[in-house]
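**Q** As input, take my_file_39.txt (compact mmCIF, C-alpha atoms):
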# COMPACT_ATOMS: atom_id res chain seq x y z
CA MET K 20 91.73 127.91 113.23
CA PRO K 21 93.67 124.65 113.52
CA VAL K 22 92.79 122.08 110.87
CA LEU K 23 93.32 118.44 111.77
CA TYR K 24 92.83 115.26 109.75
CA HIS K 25 91.67 111.70 110.38
CA GLY K 26 92.04 109.02 107.68
CA THR K 27 89.42 106.27 107.78
CA SER K 28 86.65 104.69 105.69
CA ARG K 29 84.15 106.95 103.93
CA ALA K 30 81.32 105.40 105.96
CA PHE K 31 83.01 106.23 109.27
CA ALA K 32 84.09 109.69 108.10
CA THR K 33 80.54 110.51 107.04
CA ALA K 34 79.08 109.23 110.31
CA MET K 35 81.63 111.24 112.32
CA ALA K 36 81.00 114.40 110.28
CA GLY K 37 77.29 114.07 111.06
CA ALA K 38 75.20 117.22 110.75
CA VAL K 39 76.39 120.83 111.26
CA ALA K 40 75.56 120.94 114.96
CA VAL K 41 75.91 117.27 115.83
CA GLY K 42 78.89 115.16 114.85
CA GLY K 43 79.37 111.47 115.62
CA ILE K 44 82.91 111.35 117.00
CA ASP K 45 83.33 108.98 119.94
CA VAL K 46 86.53 109.43 121.95
CA ALA K 47 86.10 105.98 123.48
CA GLN K 48 86.45 104.21 120.12
CA GLY K 49 90.02 104.76 118.92
CA ARG K 50 93.46 103.57 119.99
CA GLY K 51 97.03 104.47 119.17
CA GLU K 52 100.46 105.40 120.43
CA PHE K 53 99.04 107.49 123.30
CA GLY K 54 96.31 105.05 124.33
CA CYS K 55 92.53 105.18 123.98
CA GLY K 56 90.99 108.20 122.23
CA PHE K 57 90.08 109.85 118.95
CA TYR K 58 93.23 110.52 116.90
CA THR K 59 93.96 113.26 114.41
CA GLN K 60 97.15 114.53 112.80
CA ASP K 61 98.33 117.70 111.12
CA SER K 62 99.31 115.96 107.87
CA SER K 63 96.45 115.72 105.37
CA SER K 64 98.46 113.57 102.94
CA ASN K 65 99.50 111.07 105.61
CA ALA K 66 95.90 110.81 106.79
CA ALA K 67 94.78 110.13 103.21
CA ARG K 68 97.48 107.49 102.75
CA ARG K 69 96.61 105.86 106.04
CA GLY K 70 92.96 105.61 105.01
CA GLN K 71 93.83 104.22 101.58
CA THR K 72 96.15 101.53 102.94
CA ARG K 73 93.42 100.30 105.28
CA HIS K 74 90.21 100.81 103.31
CA GLY K 75 91.23 101.14 99.65
CA ASN K 76 88.89 103.08 97.42
CA SER K 77 86.25 103.29 100.16
CA SER K 78 88.57 105.47 102.25
CA ALA K 79 88.20 109.18 103.00
CA VAL K 80 89.67 111.90 105.17
CA LEU K 81 87.69 113.69 107.86
CA SER K 82 88.92 117.28 108.14
CA LEU K 83 88.27 119.14 111.41
CA ALA K 84 88.62 122.92 111.58
CA ILE K 85 88.30 123.83 115.25
CA ASP K 86 87.50 127.27 116.61
CA ASP K 87 90.74 128.84 117.89
CA GLN K 88 89.42 130.09 121.19
CA GLU K 89 87.65 126.85 122.10
CA CYS K 90 90.62 124.78 120.95
CA HIS K 91 93.04 126.72 123.13
CA ALA K 92 90.68 126.44 126.07
CA LEU K 93 91.18 122.67 126.08
CA ASN K 94 93.44 121.21 128.73
CA VAL K 95 96.27 119.75 126.63
CA LEU K 96 99.19 117.56 127.68
CA ARG K 97 102.10 118.22 125.30
CA LEU K 98 104.76 115.56 124.75
CA THR K 99 108.27 115.83 123.34
CA LEU K 100 109.49 113.02 121.07
CA ASN K 101 111.29 111.44 124.00
CA MET K 102 108.17 111.59 126.17
CA ALA K 103 106.05 110.20 123.32
CA GLN K 104 108.49 107.32 122.79
CA LYS K 105 108.50 106.47 126.49
CA LEU K 106 104.71 106.60 126.79
CA ASN K 107 104.26 104.44 123.71
CA ALA K 108 106.82 101.91 124.93
CA ARG K 109 105.10 101.73 128.32
CA LEU K 110 101.64 101.23 126.82
CA ARG K 111 102.94 98.52 124.48
CA ALA K 112 104.73 96.73 127.29
CA ASN K 113 101.62 96.83 129.48
CA ASN K 114 99.27 96.15 126.56
CA THR K 115 97.16 99.19 127.53
CA GLN K 116 96.91 100.96 124.16
CA ASP K 117 93.16 100.24 124.20
CA THR K 118 92.50 101.67 127.63
CA TYR K 119 95.05 104.31 128.69
CA THR K 120 93.71 107.83 129.22
CA THR K 121 94.57 110.80 131.43
CA ALA K 122 92.40 113.60 132.82
CA ASP K 123 93.62 115.97 130.06
CA ASP K 124 91.24 116.82 127.24
CA ALA K 125 93.92 115.95 124.70
CA ILE K 126 97.46 114.63 124.39
CA VAL K 127 99.54 116.22 121.63
CA GLY K 128 102.94 115.05 120.44
CA PRO K 129 104.91 113.68 117.50
CA LEU K 130 104.09 110.40 115.79
CA VAL K 131 106.67 108.11 117.36
CA TYR K 132 107.74 106.53 114.05
CA GLN K 133 107.23 109.65 111.93
CA PRO K 134 108.15 112.48 114.29
CA ARG K 135 107.90 115.27 111.72
CA ILE K 136 104.12 114.83 111.92
CA GLU K 137 102.18 115.90 115.01
CA GLN K 138 99.30 113.80 116.32
CA GLN K 139 96.50 114.79 118.66
CA LYS K 140 94.57 112.36 120.84
CA PHE K 141 91.22 113.67 122.16
CA GLN K 142 90.02 111.74 125.18
CA THR K 143 87.40 113.52 127.31
CA THR K 144 83.69 114.28 127.06
CA ASN K 145 84.64 117.96 127.00
CA ALA K 146 86.84 117.44 123.92
CA GLN K 147 84.22 115.22 122.28
CA THR K 148 81.56 117.91 122.78
CA LEU K 149 83.79 120.48 121.06
CA LEU K 150 84.64 118.17 118.14
CA ASN K 151 80.97 117.27 117.61
CA GLY K 152 79.59 120.77 118.09
CA PRO K 153 78.97 123.77 115.82
CA LEU K 154 82.37 125.33 116.60
CA THR K 155 84.13 122.56 114.69
CA GLN K 156 83.70 122.36 110.93
CA ARG K 157 83.70 118.70 109.96
CA VAL K 158 84.20 117.98 106.27
CA VAL K 159 84.66 114.65 104.49
CA ILE K 160 87.27 114.86 101.73
CA MET F 16 109.78 97.33 87.86
CA ALA F 17 109.95 97.43 91.64
CA PHE F 18 107.59 99.75 93.53
CA LEU F 19 107.81 102.30 96.28
CA HIS F 20 105.59 100.83 99.06
CA SER F 21 103.54 102.25 101.94
CA LEU F 22 104.15 99.90 104.87
CA VAL F 23 104.42 100.06 108.65
CA LYS F 24 106.96 98.58 111.01
CA ALA F 25 105.60 95.69 113.05
CA GLU F 26 106.48 92.48 114.76
CA MET F 27 104.90 89.41 113.19
CA LYS F 28 105.88 85.77 113.48
CA ARG F 29 108.28 86.92 116.23
CA LYS F 30 110.21 88.90 113.65
CA SER F 31 110.52 92.64 113.30
CA GLY F 32 109.98 94.03 109.80
CA TRP F 33 107.43 95.63 107.49
CA CYS F 34 103.82 94.79 106.85
CA ALA F 35 100.79 96.40 105.24
CA PRO F 36 98.63 98.49 107.62
CA VAL F 37 95.53 96.47 106.70
CA GLU F 38 97.20 93.38 108.15
CA LEU F 39 97.15 94.97 111.60
CA GLY F 40 93.43 95.78 111.61
CA ASP F 41 92.44 98.17 114.41
CA ALA F 42 95.98 98.00 115.79
CA ALA F 43 97.32 99.77 112.67
CA PRO F 44 99.23 102.90 113.64
CA HIS F 45 98.35 106.41 112.48
CA TYR F 46 101.41 106.71 110.29
CA VAL F 47 102.54 104.93 107.15
CA ASN F 48 106.18 104.75 106.08
CA PHE F 49 107.58 104.85 102.56
CA VAL F 50 109.95 101.94 101.86
CA LEU F 51 111.98 100.82 98.85
CA PRO F 52 112.99 97.23 98.03
CA LEU F 53 116.65 96.49 97.26
CA ASP F 54 117.90 94.34 94.39
CA GLU F 55 119.51 90.93 94.93
CA ASP F 56 122.88 92.59 95.54
CA GLY F 57 121.38 94.70 98.30
CA VAL F 58 121.49 98.02 96.46
CA PHE F 59 118.77 100.34 95.23
CA PHE F 60 117.31 99.89 91.77
CA ARG F 61 117.87 102.68 89.25
CA GLU F 62 114.16 103.49 89.23
CA TYR F 63 110.90 102.48 90.85
CA THR F 64 107.23 102.67 89.99
CA CYS F 65 105.35 105.14 92.18
CA GLU F 66 101.59 105.53 92.05
CA THR F 67 99.61 108.59 93.03
CA ILE F 68 95.89 108.73 93.79
CA ALA F 69 93.71 111.69 92.85
CA VAL F 70 90.39 112.05 94.67
CA LYS F 71 87.67 113.29 92.32
CA GLU F 72 84.77 115.59 93.17
CA ASP F 73 82.39 112.63 93.53
CA GLY F 74 84.78 110.83 95.88
CA SER F 75 85.97 108.34 93.26
CA LYS F 76 89.72 107.85 92.87
CA GLU F 77 92.07 107.76 89.94
CA ILE F 78 95.42 105.98 90.17
CA ASP F 79 98.29 107.33 88.10
CA SER F 80 101.70 105.72 87.61
CA HIS F 81 105.02 107.61 87.74
CA LYS F 82 108.74 106.90 88.00
CA LEU F 83 110.78 107.48 91.13
CA ILE F 84 114.36 107.86 89.90
CA ARG F 85 117.51 107.42 91.94
CA GLN F 86 119.77 110.44 92.09
CA GLY F 87 123.15 109.77 93.65
CA GLU F 88 123.69 107.44 96.59
CA ASP F 89 120.48 107.71 98.59
CA SER F 90 118.23 110.35 97.04
CA PHE F 91 115.28 109.86 94.74
CA ILE F 92 113.19 112.25 92.68
CA LEU F 93 109.55 111.98 91.73
CA ARG F 94 108.40 114.39 89.04
CA LEU F 95 104.70 115.21 89.15
CA GLY F 96 104.22 117.70 86.36
CA ALA F 97 105.99 120.89 87.40
CA ARG F 98 106.36 119.63 90.97
CA ASP F 99 109.48 117.71 92.08
CA VAL F 100 109.26 115.61 95.22
CA TRP F 101 112.56 114.44 96.70
CA PHE F 102 112.94 111.42 98.94
CA THR F 103 116.02 110.53 100.97
CA VAL F 104 116.99 107.48 103.00
CA ARG F 105 115.87 107.91 106.60
CA ALA F 106 118.65 107.78 109.17
CA VAL F 107 117.96 104.85 111.50
CA PRO F 108 120.16 102.54 113.59
CA ASN F 109 122.08 100.04 111.42
CA LYS F 110 120.16 96.99 112.64
CA GLU F 111 116.89 98.61 111.55
CA ARG F 112 118.14 99.87 108.20
CA ARG F 113 117.34 96.82 106.09
CA LEU F 114 114.29 94.86 107.13
CA SER F 115 112.23 92.27 105.33
CA TYR F 116 108.50 92.05 104.80
CA VAL F 117 107.01 89.95 107.61
CA GLY F 118 103.32 89.95 106.65
CA ASN F 119 101.25 87.42 104.75
CA LEU F 120 100.34 89.21 101.52
CA GLY F 121 101.82 88.55 98.10
CA HIS F 122 103.90 90.85 95.87
CA ASP F 123 107.07 90.27 93.84
CA ASP F 124 108.93 92.90 95.90
CA PHE F 125 108.17 91.17 99.22
CA ALA F 126 111.10 88.77 98.78
CA SER F 127 113.47 91.76 99.00
CA LEU F 128 114.89 93.68 101.91
CA PHE F 129 113.40 97.16 102.35
CA VAL F 130 114.94 100.49 103.29
CA GLU F 131 112.85 103.38 104.58
CA VAL F 132 112.86 106.67 102.70
CA GLU F 133 111.14 109.90 103.64
CA PRO F 134 110.09 113.00 101.74
CA GLU F 135 112.61 115.80 102.09
CA LYS F 136 109.78 118.32 102.51
CA PRO F 137 106.75 116.58 104.05
CA LYS F 138 104.67 119.76 103.80
CA GLU F 139 105.05 119.54 100.03
CA LEU F 140 102.99 116.33 100.12
CA ASP F 141 100.32 118.07 102.19
CA ARG F 142 100.21 120.95 99.68
CA LEU F 143 99.78 118.43 96.86
CA TYR F 144 96.82 116.94 98.71
CA ASP F 145 95.30 120.25 99.80
CA GLU F 146 95.59 121.87 96.36
CA ARG F 147 95.05 118.91 94.00
CA LYS F 148 93.50 116.24 96.24
CA THR F 149 96.34 113.98 95.20
CA PHE F 150 98.52 111.84 97.44
CA ILE F 151 101.45 109.51 96.91
CA ILE F 152 100.68 105.89 97.71
CA GLY F 153 103.63 104.19 95.98
CA CYS F 154 102.00 100.79 95.40
CA GLU F 155 98.22 100.75 95.79
CA PRO F 156 97.74 97.70 98.04
CA PHE F 157 94.21 96.74 97.00
CA THR F 158 95.32 96.67 93.36
CA HIS F 159 98.67 94.90 93.70
CA TYR F 160 98.84 92.82 96.90
CA ALA F 161 97.69 89.21 96.54
CA GLY F 162 95.49 87.91 99.34
CA ILE F 163 94.39 91.33 100.60
CA GLU F 164 90.72 90.67 99.84
CA ARG F 165 90.44 88.22 102.74
CA LEU F 166 91.54 90.96 105.14
CA VAL F 167 88.95 93.50 104.08
CA GLU F 168 86.33 93.99 106.76
CA LEU F 169 82.70 93.67 105.83
CA PRO F 170 81.04 97.09 105.88
CA ALA F 171 79.94 97.71 109.45
CA LYS F 172 77.61 100.35 110.75
CA PRO F 173 79.83 103.07 112.21
CA ALA F 174 79.49 103.53 115.96
CA LEU F 175 78.17 106.94 116.88
CA ALA F 176 79.08 108.94 119.94
CA GLY F 177 77.11 107.99 123.01
CA LYS F 178 75.70 104.84 121.41
Translate this structure into structure tokens?
**A**
Amino acid sequence: MPVLYHGTSRAFATAMAGAVAVGGIDVAQGRGEFGCGFYTQDSSSNAARRGQTRHGNSSAVLSLAIDDQECHALNVLRLTLNMAQKLNARLRANNTQDTYTTADDAIVGPLVYQPRIEQQKFQTTNAQTLLNGPLTQRVVI
Amino acid sequence: MAFLHSLVKAEMKRKSGWCAPVELGDAAPHYVNFVLPLDEDGVFFREYTCETIAVKEDGSKEIDSHKLIRQGEDSFILRLGARDVWFTVRAVPNKERRLSYVGNLGHDDFASLFVEVEPEKPKELDRLYDERKTFIIGCEPFTHYAGIERLVELPAKPALAGK
């Protein structure tokens, strides 16, 4: 079961964790190196540090343990570092980091400026339904 | 003593350099880099202060202070009890190697040039967090950076999916 992390404020983490069967993640809210979407990463410590540097002592980490079968059923676009760098450069040049999406459920690739960490951007209703449903364990740390 | 800092690379005032993630608001990236200030001769200090944060059961946090000690030319060791965490200078193009702080917050180290370092074994930091709920922050910004309070957003009601 892949476990992914999102560093944010405790208030947002709690709202996104929601109840067992109904989370509050909104894939239309976030932005980042791969455009508009909900971002996670595979580094728990980096997520914690990111939350702390933005929200101080009111920060927290939302941990997401996603059911293997459902996770692998998602339509995922995988990027190499070179592809991630090019996409990020294009979005920055066009100022479309707030809006860019593709038809894929998720885009997965290295953090452009910290490539030893992998990031995942979820961007469809299908992905949002999985993240907010009972097959994803959402825990606020 | 100078600190290890958690900053991100950004362009501000038409200059490329380092700033605190909170200064970028929603545009803050999903990574944070570790950077070390240099002394007035442009070399590393012998040792730096490095803070860790432990998250308690009730969600409160405890900051602890440690020493990050230079070992050789460009390696540094942080001893956390029985656990040693090594940092090394990150290989980057020469023009990006030494950059200044370009944000608007205040700290004694912000007059210095900074060099990026990275943990030799990043998974070791994740294990520290997963097992002991402790992470390395370097210099806790809300404790040490002057002027940060004006950047803190008022608590907003989180937006929920579909609303």
**Q** Residues at most 12 Å from region 38-49 of chain K, counting all atoms listed in the file, excluding those fewer than 5 positions away in the same chain, as JSON, numbers by chain?
**A** {"K": [25, 27, 30, 31, 32, 33, 54, 55, 56, 57, 58, 59, 81, 83, 116, 117, 118, 119, 120, 124, 125, 139, 140, 141, 142, 143, 144, 145, 146, 147, 148, 149, 150, 151, 152, 153, 154, 155, 156, 157, 158, 159], "F": [41, 42, 43, 44, 45, 173, 174, 175, 176, 177, 178]}
**Q** For Ser62 (chain K), which residue among K:Thr115, K:Gln138, K:Thr121, K:Asn94 is the nearest when counting only C-alpha atoms?
**A** K:Gln138
**Q** Against chain F, which residues of chain K fall within 8 Å? For each one I want the closest pair of atoms and the distance in Å (one decimal), counting all atoms listed in the file, rows by chain and increasing residue number, as a Markdown table.
**A**
| residue | atom | partner | partner_atom | distance |
| --- | --- | --- | --- | --- |
| K:Ala30 | CA | F:Pro173 | CA | 6.8 |
| K:Phe31 | CA | F:Pro173 | CA | 5.4 |
| K:Ala34 | CA | F:Pro173 | CA | 6.5 |
| K:Met35 | CA | F:Leu175 | CA | 7.2 |
| K:Gly43 | CA | F:Leu175 | CA | 4.9 |
| K:Ile44 | CA | F:Ala176 | CA | 5.4 |
| K:Asp45 | CA | F:Ala176 | CA | 4.3 |
| K:Val46 | CA | F:Ala176 | CA | 7.7 |
| K:Arg50 | CA | F:Ala42 | CA | 7.4 |
| K:Gly51 | CA | F:Pro44 | CA | 6.2 |
| K:Glu52 | CA | F:Pro44 | CA | 7.3 |
| K:Tyr58 | CA | F:His45 | CA | 7.9 |
| K:Ser62 | CA | F:Asp141 | CA | 6.1 |
| K:Ser63 | CA | F:Asp141 | CA | 5.5 |
| K:Ser64 | CA | F:Asp141 | CA | 4.9 |
| K:Asn65 | CA | F:Tyr46 | CA | 6.7 |
| K:Ala66 | CA | F:His45 | CA | 7.6 |
| K:Ala67 | CA | F:Phe150 | CA | 7.1 |
| K:Arg68 | CA | F:Ile152 | CA | 6.2 |
| K:Arg69 | CA | F:Val47 | CA | 6.1 |
| K:Thr72 | CA | F:Pro36 | CA | 6.1 |
| K:Arg73 | CA | F:Val37 | CA | 4.6 |
| K:His74 | CA | F:Val167 | CA | 7.5 |
| K:Gly75 | CA | F:Phe157 | CA | 5.9 |
| K:Asn76 | CA | F:Lys76 | CA | 6.6 |
| K:Leu130 | CA | F:Tyr46 | CA | 7.1 |
| K:Tyr132 | CA | F:Tyr46 | CA | 7.4 |
| K:Gln133 | CA | F:Tyr46 | CA | 6.7 |
| K:Arg135 | CA | F:Pro137 | CA | 7.9 |
| K:Ile160 | CA | F:Gly74 | CA | 7.5 |
**Q** (112.5, 99.8, 103.4) in this file's frame - what residues fall within 8 Å of it? Use only C-alpha atoms and give the answer as a list in words.
**A**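 Neighbouring residues, ordered by chain and number, come to Trp33, Phe49, Val50, Leu51, Pro52, Arg112, Arg113, Leu114, Ser115, Leu128, Phe129, Val130, Glu131 and Val132 of chain F.
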**Q** Contacts of Gly121 (chain F) at 9 Å or less, counting all atoms listed in the file, minus same-chain residues fewer than 4 places along, as a list in words?
**A** Phe125, His159, Tyr160, Ala161, Gly162 and Ile163 of chain F
**Q** Take the residues from that selection and put them in a file with C-alpha atoms, as a PDB file, in the coordinates of the input.
**A**
ATOM      1  CA  PHE F 125     108.170  91.170  99.220  1.00  0.00           C
ATOM      2  CA  HIS F 159      98.670  94.900  93.700  1.00  0.00           C
ATOM      3  CA  TYR F 160      98.840  92.820  96.900  1.00  0.00           C
ATOM      4  CA  ALA F 161      97.690  89.210  96.540  1.00  0.00           C
ATOM      5  CA  GLY F 162      95.490  87.910  99.340  1.00  0.00           C
ATOM      6  CA  ILE F 163      94.390  91.330 100.600  1.00  0.00           C
TER       7      ILE F 163
END
**Q** Using all atoms listed in the file, which residues sit within 7 Å of Glu135 (chain F) once same-chain residues fewer than 6 positions away are excluded, as JSON, numbers by chain?
**A** {"F": [101, 102, 103]}
**Q** Using all atoms listed in the file, find the one residue out of F:Gln86, F:Leu95, F:Glu111, F:Arg61 that sits nearest to Ala25 (chain F).
**A** F:Glu111
**Q** So how far away is CA of Ala92 (chain K) from CA of Lys105 (chain K), in Å?
**A**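 Atom-to-atom, CA of Lys105 (chain K) to CA of Ala92 (chain K), that is 26.8 Å.
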**Q** Could you tell me how far CA of Asp123 (chain K) sits from CA of Glu89 (chain K), in Å to one decimal place?
**A**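 Between CA of Glu89 (chain K) and CA of Asp123 (chain K) the gap is 14.7 Å.
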**Q** When you count all atoms listed in the file, which of these residues is closest to Gly87 (chain F): F:Thr67, F:Glu62, F:Arg165, F:Val100?
**A**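 Nearest candidate to Gly87 (chain F) out of F:Thr67, F:Glu62, F:Arg165, F:Val100: F:Glu62.
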**Q** Measure the distance from CA of Arg94 (chain F) to CA of His81 (chain F) in Å and round it to one decimal.
**A** 7.7 Å
